[in-house]
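Peer 1: I am sharing protein.csv, which consists of CSV, C-alpha atoms:
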```
chain,number,residue,atom,x,y,z
A,1,MET,CA,44.5,-18.0,-24.1
A,2,THR,CA,47.7,-17.6,-26.1
A,3,PHE,CA,51.0,-16.8,-24.5
A,4,SER,CA,54.2,-15.9,-26.4
A,5,ALA,CA,57.6,-17.6,-26.1
A,6,GLN,CA,58.7,-14.5,-24.1
A,7,ASP,CA,55.8,-15.0,-21.7
A,8,HIS,CA,56.8,-18.7,-21.1
A,9,SER,CA,60.4,-17.7,-20.6
A,10,MET,CA,59.6,-15.0,-18.1
A,11,MET,CA,57.2,-17.1,-16.1
A,12,GLY,CA,59.7,-19.9,-16.1
A,13,GLN,CA,62.2,-17.4,-14.5
A,14,ALA,CA,59.5,-16.4,-12.0
A,15,LEU,CA,59.0,-20.1,-11.0
A,16,GLN,CA,62.8,-20.5,-10.5
A,17,LEU,CA,62.7,-17.5,-8.2
A,18,ALA,CA,59.7,-18.9,-6.3
A,19,ALA,CA,61.6,-22.1,-5.7
A,20,LYS,CA,64.1,-20.1,-3.7
A,21,ALA,CA,61.4,-19.4,-1.1
A,22,ARG,CA,60.1,-23.0,-0.7
A,23,TYR,CA,62.1,-23.6,2.5
A,24,THR,CA,61.5,-20.2,4.1
A,25,SER,CA,58.2,-18.6,3.1
A,26,ALA,CA,55.7,-20.7,5.2
A,27,PRO,CA,53.0,-20.2,6.2
A,28,ASN,CA,52.9,-18.0,3.1
A,29,PRO,CA,53.2,-19.6,-0.4
A,30,ALA,CA,56.5,-19.5,-2.2
A,31,VAL,CA,56.0,-16.9,-5.0
A,32,GLY,CA,58.3,-15.5,-7.7
A,33,CYS,CA,57.9,-12.3,-9.7
A,34,VAL,CA,59.6,-10.8,-12.7
A,35,VAL,CA,59.1,-7.2,-14.0
A,36,VAL,CA,59.9,-6.7,-17.7
A,37,VAL,CA,60.1,-3.6,-19.9
A,38,ASN,CA,60.9,-3.9,-23.7
A,39,ASP,CA,62.0,-7.5,-23.3
A,40,ARG,CA,64.4,-6.5,-20.5
A,41,VAL,CA,64.1,-7.7,-16.9
A,42,ILE,CA,64.3,-4.6,-14.7
A,43,GLY,CA,63.2,-6.3,-11.4
A,44,GLN,CA,62.7,-9.6,-9.8
A,45,GLY,CA,62.0,-11.1,-6.4
A,46,PHE,CA,60.6,-13.9,-4.3
A,47,THR,CA,58.6,-14.2,-1.1
A,48,ARG,CA,60.6,-13.4,2.0
A,49,PRO,CA,59.8,-15.0,5.4
A,50,ALA,CA,56.5,-14.1,7.1
A,51,GLY,CA,56.3,-10.4,7.8
A,52,GLY,CA,58.7,-9.6,5.0
A,53,ASN,CA,58.1,-8.4,1.5
A,54,HIS,CA,56.0,-10.5,-1.0
A,55,ALA,CA,57.6,-11.3,-4.3
A,56,GLU,CA,55.8,-8.5,-6.2
A,57,VAL,CA,57.0,-5.8,-3.8
A,58,GLU,CA,60.6,-7.2,-3.9
A,59,ALA,CA,60.5,-7.1,-7.7
A,60,LEU,CA,59.0,-3.6,-8.0
A,61,GLN,CA,61.5,-2.2,-5.5
A,62,MET,CA,64.3,-3.5,-7.6
A,63,ALA,CA,62.7,-2.2,-10.8
A,64,GLY,CA,62.3,1.4,-9.4
A,65,GLU,CA,60.4,2.9,-12.4
A,66,ALA,CA,58.0,0.2,-13.7
A,67,ALA,CA,55.4,2.3,-15.6
A,68,GLY,CA,54.2,0.5,-18.7
A,69,SER,CA,55.9,-2.8,-17.7
A,70,THR,CA,54.7,-6.4,-17.7
A,71,LEU,CA,54.7,-8.2,-14.4
A,72,TYR,CA,54.9,-12.0,-14.3
A,73,VAL,CA,53.9,-13.6,-11.0
A,74,THR,CA,53.4,-17.3,-10.0
A,75,LEU,CA,50.4,-16.6,-7.8
A,76,GLU,CA,47.6,-14.1,-7.8
A,77,PRO,CA,48.7,-10.9,-6.1
A,78,CYS,CA,47.2,-10.5,-2.6
A,79,SER,CA,44.3,-8.0,-2.2
A,80,HIS,CA,44.0,-8.0,1.6
A,81,GLN,CA,45.9,-6.5,4.5
A,82,GLY,CA,47.9,-9.1,6.4
A,83,LYS,CA,51.4,-8.7,8.0
A,84,THR,CA,52.1,-6.7,4.8
A,85,GLY,CA,50.0,-4.4,2.6
A,86,PRO,CA,48.1,-5.7,-0.4
A,87,CYS,CA,50.4,-6.3,-3.4
A,88,VAL,CA,47.7,-5.3,-5.9
A,89,GLN,CA,47.9,-1.7,-4.6
A,90,ALA,CA,51.7,-1.7,-5.1
A,91,ILE,CA,51.2,-2.9,-8.7
A,92,ILE,CA,48.6,-0.3,-9.4
A,93,LYS,CA,50.6,2.5,-7.9
A,94,ALA,CA,53.6,1.4,-10.0
A,95,ASN,CA,51.5,1.9,-13.2
A,96,VAL,CA,52.2,-1.6,-14.5
A,97,ALA,CA,50.5,-2.1,-17.8
A,98,ARG,CA,50.1,-5.9,-17.9
A,99,VAL,CA,50.1,-8.7,-15.3
A,100,VAL,CA,50.5,-12.4,-16.2
A,101,VAL,CA,49.5,-14.7,-13.4
A,102,ALA,CA,50.2,-18.4,-13.2
A,103,CYS,CA,47.3,-19.3,-11.0
A,104,GLU,CA,44.6,-17.9,-8.7
A,105,ASP,CA,45.1,-17.8,-4.9
A,106,PRO,CA,43.0,-20.5,-3.1
A,107,ASN,CA,42.9,-18.2,0.0
A,108,PRO,CA,39.3,-17.0,0.2
A,109,LYS,CA,40.6,-13.6,1.3
A,110,VAL,CA,42.0,-13.3,-2.2
A,111,SER,CA,40.6,-15.9,-4.6
A,112,GLY,CA,40.0,-13.8,-7.7
A,113,SER,CA,39.6,-10.4,-6.0
A,114,GLY,CA,43.3,-9.5,-6.6
A,115,ILE,CA,42.8,-10.2,-10.3
A,116,GLN,CA,39.6,-8.2,-10.4
A,117,GLN,CA,41.1,-5.2,-8.7
A,118,LEU,CA,43.9,-5.1,-11.2
A,119,LYS,CA,41.4,-5.3,-14.1
A,120,ASP,CA,39.2,-2.6,-12.5
A,121,ALA,CA,42.3,-0.4,-12.4
A,122,GLY,CA,42.7,-0.8,-16.2
A,123,ILE,CA,45.5,-3.2,-16.1
A,124,GLU,CA,45.5,-6.1,-18.6
A,125,VAL,CA,45.5,-9.4,-16.8
A,126,GLN,CA,46.1,-12.9,-18.2
A,127,VAL,CA,45.8,-16.0,-16.0
A,128,GLY,CA,46.8,-19.6,-16.4
A,129,LEU,CA,50.4,-19.6,-17.8
A,130,MET,CA,52.3,-22.6,-16.4
A,131,GLU,CA,49.5,-23.1,-13.8
A,132,ALA,CA,50.3,-26.7,-13.0
A,133,GLN,CA,53.9,-26.0,-12.2
A,134,ALA,CA,52.9,-23.1,-9.9
A,135,ILE,CA,50.3,-25.2,-8.0
A,136,ALA,CA,52.8,-28.1,-7.6
A,137,LEU,CA,55.3,-25.7,-6.0
A,138,ASN,CA,52.7,-24.8,-3.3
A,139,LYS,CA,50.8,-28.0,-3.1
A,140,GLY,CA,50.6,-27.8,0.7
A,141,PHE,CA,49.3,-24.2,0.7
A,142,PHE,CA,46.6,-25.1,-1.9
A,143,LYS,CA,45.5,-28.2,0.0
A,144,ARG,CA,45.3,-26.3,3.3
A,145,PHE,CA,42.9,-23.8,1.8
A,146,THR,CA,40.9,-26.2,-0.4
A,147,GLU,CA,40.6,-29.2,2.0
A,148,GLY,CA,41.4,-27.8,5.4
A,149,THR,CA,44.4,-30.1,6.0
A,150,PRO,CA,48.1,-30.0,5.2
A,151,TRP,CA,49.9,-32.0,2.5
A,152,VAL,CA,50.9,-35.3,4.2
A,153,LEU,CA,54.3,-36.7,3.1
A,154,VAL,CA,55.2,-40.1,4.6
A,155,LYS,CA,59.0,-40.8,4.6
A,156,MET,CA,60.4,-44.3,5.0
A,157,ALA,CA,63.8,-45.8,4.8
A,158,ALA,CA,63.9,-49.5,4.0
A,159,SER,CA,66.1,-52.4,3.0
A,160,LEU,CA,65.6,-53.8,-0.5
A,161,ASP,CA,63.3,-56.4,1.0
A,162,GLY,CA,61.1,-53.7,2.5
A,163,ARG,CA,62.2,-53.9,6.1
A,164,THR,CA,62.6,-50.8,8.2
A,165,ALA,CA,64.2,-52.2,11.4
A,166,MET,CA,65.4,-55.5,12.8
A,167,ALA,CA,63.1,-57.5,15.1
A,168,SER,CA,64.8,-55.9,18.1
A,169,GLY,CA,63.9,-52.5,16.8
A,170,GLN,CA,67.5,-51.5,15.7
A,171,SER,CA,67.3,-49.3,12.7
A,172,GLN,CA,70.3,-47.0,12.6
A,173,TRP,CA,71.5,-46.6,10.0
A,174,ILE,CA,69.7,-48.2,7.0
A,175,THR,CA,70.6,-45.6,4.4
A,176,SER,CA,73.7,-43.7,3.4
A,177,PRO,CA,74.8,-40.3,4.7
A,178,ALA,CA,73.7,-38.8,1.3
A,179,ALA,CA,70.2,-40.1,1.8
A,180,ARG,CA,70.0,-38.8,5.3
A,181,LEU,CA,71.0,-35.4,4.1
A,182,ASP,CA,68.3,-35.6,1.5
A,183,VAL,CA,65.8,-36.3,4.3
A,184,GLN,CA,66.9,-33.0,5.9
A,185,ARG,CA,65.8,-31.2,2.7
A,186,LEU,CA,62.3,-32.8,3.2
A,187,ARG,CA,62.3,-31.7,6.8
A,188,ALA,CA,63.2,-28.1,5.7
A,189,ALA,CA,60.3,-28.0,3.3
A,190,SER,CA,57.9,-29.2,6.1
A,191,CYS,CA,56.1,-27.1,8.7
A,192,ALA,CA,55.7,-30.1,11.1
A,193,ILE,CA,57.3,-33.5,11.7
A,194,VAL,CA,55.0,-36.1,13.0
A,195,THR,CA,56.3,-39.2,14.8
A,196,GLY,CA,54.8,-41.8,17.2
A,197,ILE,CA,55.5,-42.7,20.8
A,198,GLY,CA,57.0,-46.0,19.7
A,199,THR,CA,59.7,-44.3,17.6
A,200,GLN,CA,60.3,-41.8,20.4
A,201,GLU,CA,60.8,-44.6,23.0
A,202,MET,CA,63.0,-46.8,20.7
A,203,ASP,CA,65.2,-44.1,19.1
A,204,ASN,CA,64.8,-41.1,21.4
A,205,PRO,CA,65.3,-38.8,18.3
A,206,SER,CA,65.5,-35.0,18.3
A,207,LEU,CA,63.9,-34.6,14.9
A,208,THR,CA,65.6,-31.3,14.4
A,209,LEU,CA,66.6,-29.6,11.2
A,210,ARG,CA,70.3,-30.2,10.7
A,211,ILE,CA,71.0,-28.7,7.4
A,212,THR,CA,72.3,-25.2,6.7
A,213,GLU,CA,71.0,-22.4,4.5
A,214,GLU,CA,74.2,-22.7,2.5
A,215,GLN,CA,73.6,-26.4,1.8
A,216,LEU,CA,70.0,-25.6,0.6
A,217,GLY,CA,71.1,-22.6,-1.4
A,218,VAL,CA,68.6,-20.2,0.4
A,219,GLU,CA,69.2,-16.6,1.4
A,220,ASP,CA,66.8,-16.4,4.4
A,221,SER,CA,67.0,-18.1,7.7
A,222,LEU,CA,65.5,-21.6,8.2
A,223,GLN,CA,63.0,-22.3,11.0
A,224,GLN,CA,62.7,-25.5,13.0
A,225,PRO,CA,59.5,-27.4,12.1
A,226,ILE,CA,57.1,-28.2,14.8
A,227,ARG,CA,57.8,-31.6,16.3
A,228,VAL,CA,54.6,-33.6,17.0
A,229,VAL,CA,54.5,-36.9,18.9
A,230,VAL,CA,51.3,-38.9,18.7
A,231,ASP,CA,51.1,-40.4,22.2
A,232,ALA,CA,47.6,-41.6,23.0
A,233,GLN,CA,48.4,-42.9,26.5
A,234,MET,CA,50.9,-40.2,27.4
A,235,LYS,CA,53.9,-42.5,27.8
A,236,MET,CA,56.5,-39.9,26.8
A,237,SER,CA,59.2,-39.1,29.3
A,238,ALA,CA,59.8,-35.5,30.3
A,239,ASP,CA,63.5,-36.3,29.7
A,240,ALA,CA,63.0,-37.0,26.0
A,241,ARG,CA,65.5,-35.4,23.6
A,242,LEU,CA,62.6,-34.0,21.7
A,243,LEU,CA,62.0,-31.7,24.6
A,244,GLN,CA,65.6,-30.6,24.9
A,245,ALA,CA,65.9,-29.5,21.2
A,246,PRO,CA,65.2,-26.0,19.9
A,247,GLY,CA,61.7,-25.3,18.5
A,248,LEU,CA,58.2,-26.3,19.6
A,249,CYS,CA,57.4,-29.9,20.6
A,250,VAL,CA,53.7,-30.8,20.6
A,251,ILE,CA,52.3,-33.9,22.2
A,252,ALA,CA,49.0,-35.1,20.7
A,253,THR,CA,47.1,-37.3,23.1
A,254,LEU,CA,43.5,-38.5,23.8
A,255,ASP,CA,41.1,-36.1,25.4
A,256,GLU,CA,40.6,-38.0,28.6
A,257,PRO,CA,41.0,-37.0,32.3
A,258,GLN,CA,43.9,-39.3,33.0
A,259,GLN,CA,45.8,-37.9,30.0
A,260,ARG,CA,45.2,-34.3,31.2
A,261,GLU,CA,46.6,-35.2,34.6
A,262,LYS,CA,49.7,-36.9,33.1
A,263,SER,CA,50.3,-33.9,30.8
A,264,GLN,CA,51.4,-31.6,33.6
A,265,ALA,CA,55.0,-33.0,33.8
A,266,LEU,CA,55.4,-32.6,30.0
A,267,VAL,CA,54.1,-29.1,30.0
A,268,ALA,CA,56.5,-28.2,32.8
A,269,ALA,CA,59.3,-29.7,30.6
A,270,GLY,CA,58.4,-27.3,27.8
A,271,ALA,CA,56.0,-29.3,25.7
A,272,GLU,CA,52.7,-28.2,24.4
A,273,VAL,CA,49.9,-30.8,24.8
A,274,ILE,CA,46.9,-31.0,22.6
A,275,PHE,CA,43.9,-33.2,23.4
A,276,LEU,CA,42.1,-34.9,20.5
A,277,PRO,CA,39.2,-37.2,20.0
A,278,ALA,CA,39.6,-40.9,19.6
A,279,GLN,CA,39.0,-43.0,16.5
A,280,GLY,CA,38.6,-46.5,17.8
A,281,GLN,CA,41.4,-47.0,20.3
A,282,HIS,CA,43.7,-44.4,18.7
A,283,ILE,CA,43.9,-40.7,18.1
A,284,ASP,CA,41.9,-39.3,15.3
A,285,LEU,CA,44.6,-38.4,12.8
A,286,GLN,CA,42.2,-36.4,10.6
A,287,ALA,CA,41.5,-34.2,13.7
A,288,LEU,CA,45.3,-33.8,14.3
A,289,LEU,CA,45.8,-32.6,10.7
A,290,GLU,CA,42.9,-30.1,11.0
A,291,VAL,CA,44.6,-28.7,14.1
A,292,LEU,CA,47.9,-28.4,12.2
A,293,ALA,CA,46.2,-26.7,9.3
A,294,GLN,CA,44.6,-24.2,11.7
A,295,ARG,CA,48.2,-23.5,12.8
A,296,GLU,CA,49.0,-22.7,9.2
A,297,CYS,CA,51.0,-25.8,8.5
A,298,ASN,CA,51.2,-26.3,4.8
A,299,GLN,CA,53.1,-29.6,4.7
A,300,VAL,CA,53.4,-32.3,7.3
A,301,MET,CA,56.1,-34.9,7.2
A,302,VAL,CA,55.5,-38.3,8.9
A,303,GLU,CA,58.7,-39.9,10.2
A,304,ALA,CA,57.3,-42.9,12.2
A,305,GLY,CA,57.3,-46.6,12.5
A,306,ALA,CA,55.0,-49.1,10.7
A,307,GLY,CA,52.0,-48.5,13.0
A,308,LEU,CA,51.6,-44.8,12.7
A,309,ALA,CA,52.8,-44.6,9.1
A,310,GLY,CA,50.4,-47.4,8.2
A,311,ALA,CA,47.5,-45.6,10.0
A,312,PHE,CA,48.0,-42.5,7.9
A,313,ILE,CA,47.8,-44.6,4.8
A,314,ALA,CA,44.9,-46.8,6.0
A,315,GLU,CA,42.8,-43.8,6.8
A,316,GLY,CA,43.3,-42.3,3.4
A,317,LEU,CA,45.4,-39.4,4.6
A,318,LEU,CA,48.5,-40.0,2.4
A,319,ASP,CA,49.4,-37.4,-0.3
A,320,GLU,CA,53.0,-38.4,-1.0
A,321,LEU,CA,55.2,-41.3,-0.1
A,322,VAL,CA,59.0,-40.9,-0.3
A,323,CYS,CA,61.0,-44.2,0.2
A,324,TYR,CA,64.8,-44.5,0.4
A,325,TRP,CA,65.7,-48.1,-0.6
A,326,ALA,CA,69.1,-49.3,0.7
A,327,PRO,CA,70.9,-52.1,-1.3
A,328,LYS,CA,70.7,-54.4,1.7
A,329,LEU,CA,68.6,-57.4,2.8
A,330,PHE,CA,67.4,-57.6,6.4
A,331,GLY,CA,65.5,-60.9,6.1
A,332,SER,CA,62.0,-62.1,7.0
A,333,GLN,CA,62.3,-61.6,10.8
A,334,ALA,CA,62.9,-57.8,10.4
A,335,ARG,CA,60.0,-55.3,10.8
A,336,PRO,CA,57.9,-54.3,7.7
A,337,MET,CA,57.4,-50.8,6.4
A,338,PHE,CA,53.8,-50.6,7.3
A,339,ASP,CA,51.2,-52.2,9.5
A,340,LEU,CA,48.6,-52.2,6.7
A,341,PRO,CA,46.4,-55.3,6.6
A,342,ILE,CA,45.4,-56.0,3.0
A,343,GLU,CA,43.8,-59.4,2.4
A,344,THR,CA,43.6,-59.6,-1.4
A,345,ILE,CA,45.5,-58.4,-4.5
A,346,ASP,CA,42.4,-56.5,-5.6
A,347,ALA,CA,42.5,-54.5,-2.4
A,348,HIS,CA,46.0,-53.2,-3.0
A,349,LEU,CA,46.9,-49.5,-2.8
A,350,ALA,CA,48.0,-48.3,-6.2
A,351,LEU,CA,50.8,-45.7,-6.3
A,352,SER,CA,52.1,-43.6,-9.2
A,353,VAL,CA,55.9,-43.0,-9.4
A,354,LYS,CA,56.6,-39.3,-9.7
A,355,ASP,CA,60.3,-39.4,-9.5
A,356,MET,CA,63.1,-42.0,-9.2
A,357,ARG,CA,66.8,-41.3,-8.6
A,358,MET,CA,69.9,-42.4,-6.9
A,359,VAL,CA,70.9,-40.6,-3.7
A,360,GLY,CA,74.3,-41.8,-2.7
A,361,GLU,CA,74.1,-45.6,-2.6
A,362,ASP,CA,70.4,-45.6,-2.2
A,363,ILE,CA,67.3,-45.4,-4.5
A,364,LYS,CA,64.9,-42.6,-3.8
A,365,LEU,CA,61.3,-43.2,-5.0
A,366,THR,CA,58.7,-40.4,-4.8
A,367,MET,CA,55.2,-41.7,-5.2
A,368,GLN,CA,51.6,-40.5,-4.9
A,369,PRO,CA,48.5,-42.6,-4.4
A,370,ASP,CA,46.1,-42.9,-7.3
A,371,LYS,CA,43.0,-40.7,-6.8
A,372,ASP,CA,40.2,-41.7,-4.4
A,373,TYR,CA,42.1,-44.4,-2.5
```
Written as structure tokens, how would this file's structure read?
Peer 2:
Amino acid sequence: MTFSAQDHSMMGQALQLAAKARYTSAPNPAVGCVVVVNDRVIGQGFTRPAGGNHAEVEALQMAGEAAGSTLYVTLEPCSHQGKTGPCVQAIIKANVARVVVACEDPNPKVSGSGIQQLKDAGIEVQVGLMEAQAIALNKGFFKRFTEGTPWVLVKMAASLDGRTAMASGQSQWITSPAARLDVQRLRAASCAIVTGIGTQEMDNPSLTLRITEEQLGVEDSLQQPIRVVVDAQMKMSADARLLQAPGLCVIATLDEPQQREKSQALVAAGAEVIFLPAQGQHIDLQALLEVLAQRECNQVMVEAGAGLAGAFIAEGLLDELVCYWAPKLFGSQARPMFDLPIETIDAHLALSVKDMRMVGEDIKLTMQPDKDY
């Protein structure tokens, strides 16, 4: 299918608009839309927080009169009634002549039906322009619907020799303030933050979002991600800072009678406790991810020690690894990045570097595992 230079320009603008929603649209995808008449943009918009307008409605409301227009949208318009009405009906009602869609919606409630309804209404529809960029912008949303689990991003901060804490457990602070602010951006893009009981006991973190809308350049209000503590033996104290902070704190533990009994104090302190099956002596992390997907989490960020972070990798659950490398040496007695037993060179986990940049004094590497690891 051939697209003009004008088509590429307008879809590029729609993608820029979609990026404005990437911190605030969840559980909905971040979508951008541009309405054009005679090579002139008459309306544009992006997804507002859940319950608010979708991008197409925002753009059509700005346009006012859109008869005969071309509408560019980064994701197939929805065709079902959710918290808002179906966008396809708004497009049809506006007498739009042509719709250019970057990619189909993976949600089975839509998944091609929105495109078909537009065609049935006599609207010209073209699909596939800048598809890869549109999917990448909503990688967690796509994975949740295609695989039943969220996108899993593991974040680590390490010294140049790959150490994340001293032998005593001391780890604050490895990286610069600029890197720590950048981590806040990762948190803002995540629906849930997962940590382990070891990190909770050592650092007593709050794991809250401490970045403002102004710093992120977003118009809508940010929401605190769900904080999840993987605590197989229910060791967590009811006085933990995680339970004092705003937002929901979830304790994931084993589905055993003694854990159910121990959970009562944490529930009384404001936590929600979920009981999961075991995998060996530990919690089944796949089951945890499936529960989070059922709660409409698109992206999960793992901020944990070597044990839990290594377990996500060892079990083949890693989608993205973000490492902040500080120009420091901690020495051989310090703790490693991952508990990840690998016996031979041939058994290594291969990663592809997707991005590398300086953040303050530190090096930020964004990597993804090679397929089928």
Peer 1: A:Val230, A:Ala238, A:Arg357, A:Ala306: which is nearest Ala268 in chain A, counting all atoms listed in the file?
Peer 2: A:Ala238
Peer 1: In Å, with one decimal, what is the gap from CA of Leu137 in chain A to CA of Ala18 in chain A?
Peer 2: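 One can read the CA of Leu137 in chain A to CA of Ala18 in chain A distance as 8.1 Å.
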Peer 1: Rounded to one decimal place, report the CA of Trp151 in chain A-CA of Asp105 in chain A distance in Å.
Peer 2: 16.7 Å
Peer 1: Nearest to Gly307 in chain A among A:Ser159, A:Thr74, A:Thr253, A:Thr164, with distances taken over only C-alpha atoms: which residue is it?
Peer 2: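 The closest residue to Gly307 in chain A is A:Thr164.
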Peer 1: May I have the residues within 8 Å of range 25-39 of chain A as a PyMOL selection string, using all atoms listed in the file and disregarding those fewer than 2 positions away in the same chain?
Peer 2: chain A and resi 6+10-11+13-23+41-50+54-56+59-60+63+66+68-75+137-138+141+191+296-298
Peer 1: Please provide the set of residues having any atom within 12 Å of Gln89 in chain A, restricted to only C-alpha atoms, with same-chain residues fewer than 2 positions apart removed, written as a list in words.
Peer 2: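 Surrounding residues, per the criterion: Glu56, Val57, Leu60, Pro77, Cys78, Ser79, His80, Gln81, Thr84, Gly85, Pro86, Cys87, Ile91, Ile92, Lys93, Ala94, Asn95, Val96, Gly114, Ile115, Gln117, Leu118, Asp120, Ala121 and Ile123 of chain A.
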Peer 1: For the atom pair CA of Leu285 in chain A and CA of Gln224 in chain A, what is the interatomic distance in Å to one decimal place?
Peer 2: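 Between CA of Leu285 in chain A and CA of Gln224 in chain A the gap is 22.2 Å.
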Peer 1: My list of candidates is A:Lys354, A:Ala326, A:Thr344, A:Ser4. Which is closest to Pro177 in chain A when distances are computed with only C-alpha atoms?
Peer 2: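 Of A:Lys354, A:Ala326, A:Thr344, A:Ser4, the one nearest Pro177 in chain A is A:Ala326, counting only C-alpha atoms.
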Peer 1: Which residues are close to range 346-349 of chain A, i.e. within 10 Å by only C-alpha atoms, leaving aside same-chain residues fewer than 3 positions away? Reply as a list in words.
Peer 2: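 Returned residues: Ile313, Ala314, Pro341, Ile342, Glu343, Pro369, Asp370 and Tyr373 of chain A.
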Peer 1: Using all atoms listed in the file, determine which residues lie at most 10 Å from Ala179 in chain A, disregarding the query and same-chain residues fewer than 5 positions distant; provide the list as a ChimeraX atom specification.
Peer 2: /A:157,174,184-185,324-326,358-364
Peer 1: When distances are computed from all atoms listed in the file, which of A:Gln61, A:Ser332, A:Ser9, A:Gln223 shows the smallest separation from Ala192 in chain A?
Peer 2: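 When distances to Ala192 in chain A are compared using all atoms listed in the file, the smallest one comes from A:Gln223.
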Peer 1: Show me a table, sorted first by chain and then by increasing residue number, of the residues of range 277-314 of chain A having an atom at most 12 Å from range 194-208 of chain A, each with its shortest atom pair and the distance in Å to one decimal, counting only C-alpha atoms and written as a tab-separated table.
Peer 2:
```
residue	atom	partner	partner_atom	distance
A:His282	CA	A:Gly196	CA	11.5
A:Ile283	CA	A:Gly196	CA	11.0
A:Leu285	CA	A:Val194	CA	10.7
A:Leu288	CA	A:Val194	CA	10.1
A:Leu289	CA	A:Val194	CA	10.1
A:Leu292	CA	A:Val194	CA	10.5
A:Cys297	CA	A:Val194	CA	11.9
A:Gln299	CA	A:Val194	CA	10.7
A:Val300	CA	A:Val194	CA	7.0
A:Met301	CA	A:Val194	CA	6.0
A:Val302	CA	A:Val194	CA	4.7
A:Glu303	CA	A:Thr195	CA	5.2
A:Ala304	CA	A:Thr195	CA	4.6
A:Gly305	CA	A:Thr199	CA	6.1
A:Ala306	CA	A:Thr199	CA	9.6
A:Gly307	CA	A:Gly196	CA	8.4
A:Leu308	CA	A:Gly196	CA	6.3
A:Ala309	CA	A:Thr195	CA	8.6
A:Gly310	CA	A:Gly196	CA	11.5
A:Ala311	CA	A:Gly196	CA	10.9
A:Phe312	CA	A:Val194	CA	10.8
```
Peer 1: Write out as a PyMOL selection string the residues lying within 12 Å of Ala265 in chain A, counting only C-alpha atoms and excluding same-chain residues fewer than 6 positions away.
Peer 2: chain A and resi 234-240+243+251+259+271-273
Peer 1: Pick from A:Met166, A:Leu209, A:Val127, A:Val228: nearest to Leu186 in chain A, with only C-alpha atoms counted?
Peer 2: A:Leu209
Peer 1: For a quick check of understanding, using only C-alpha atoms, which of A:Val154, A:Val125, A:Met367, A:Ala189 has the smallest distance to Lys139 in chain A?
Peer 2: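 For Lys139 in chain A, the nearest of the candidates is A:Ala189.
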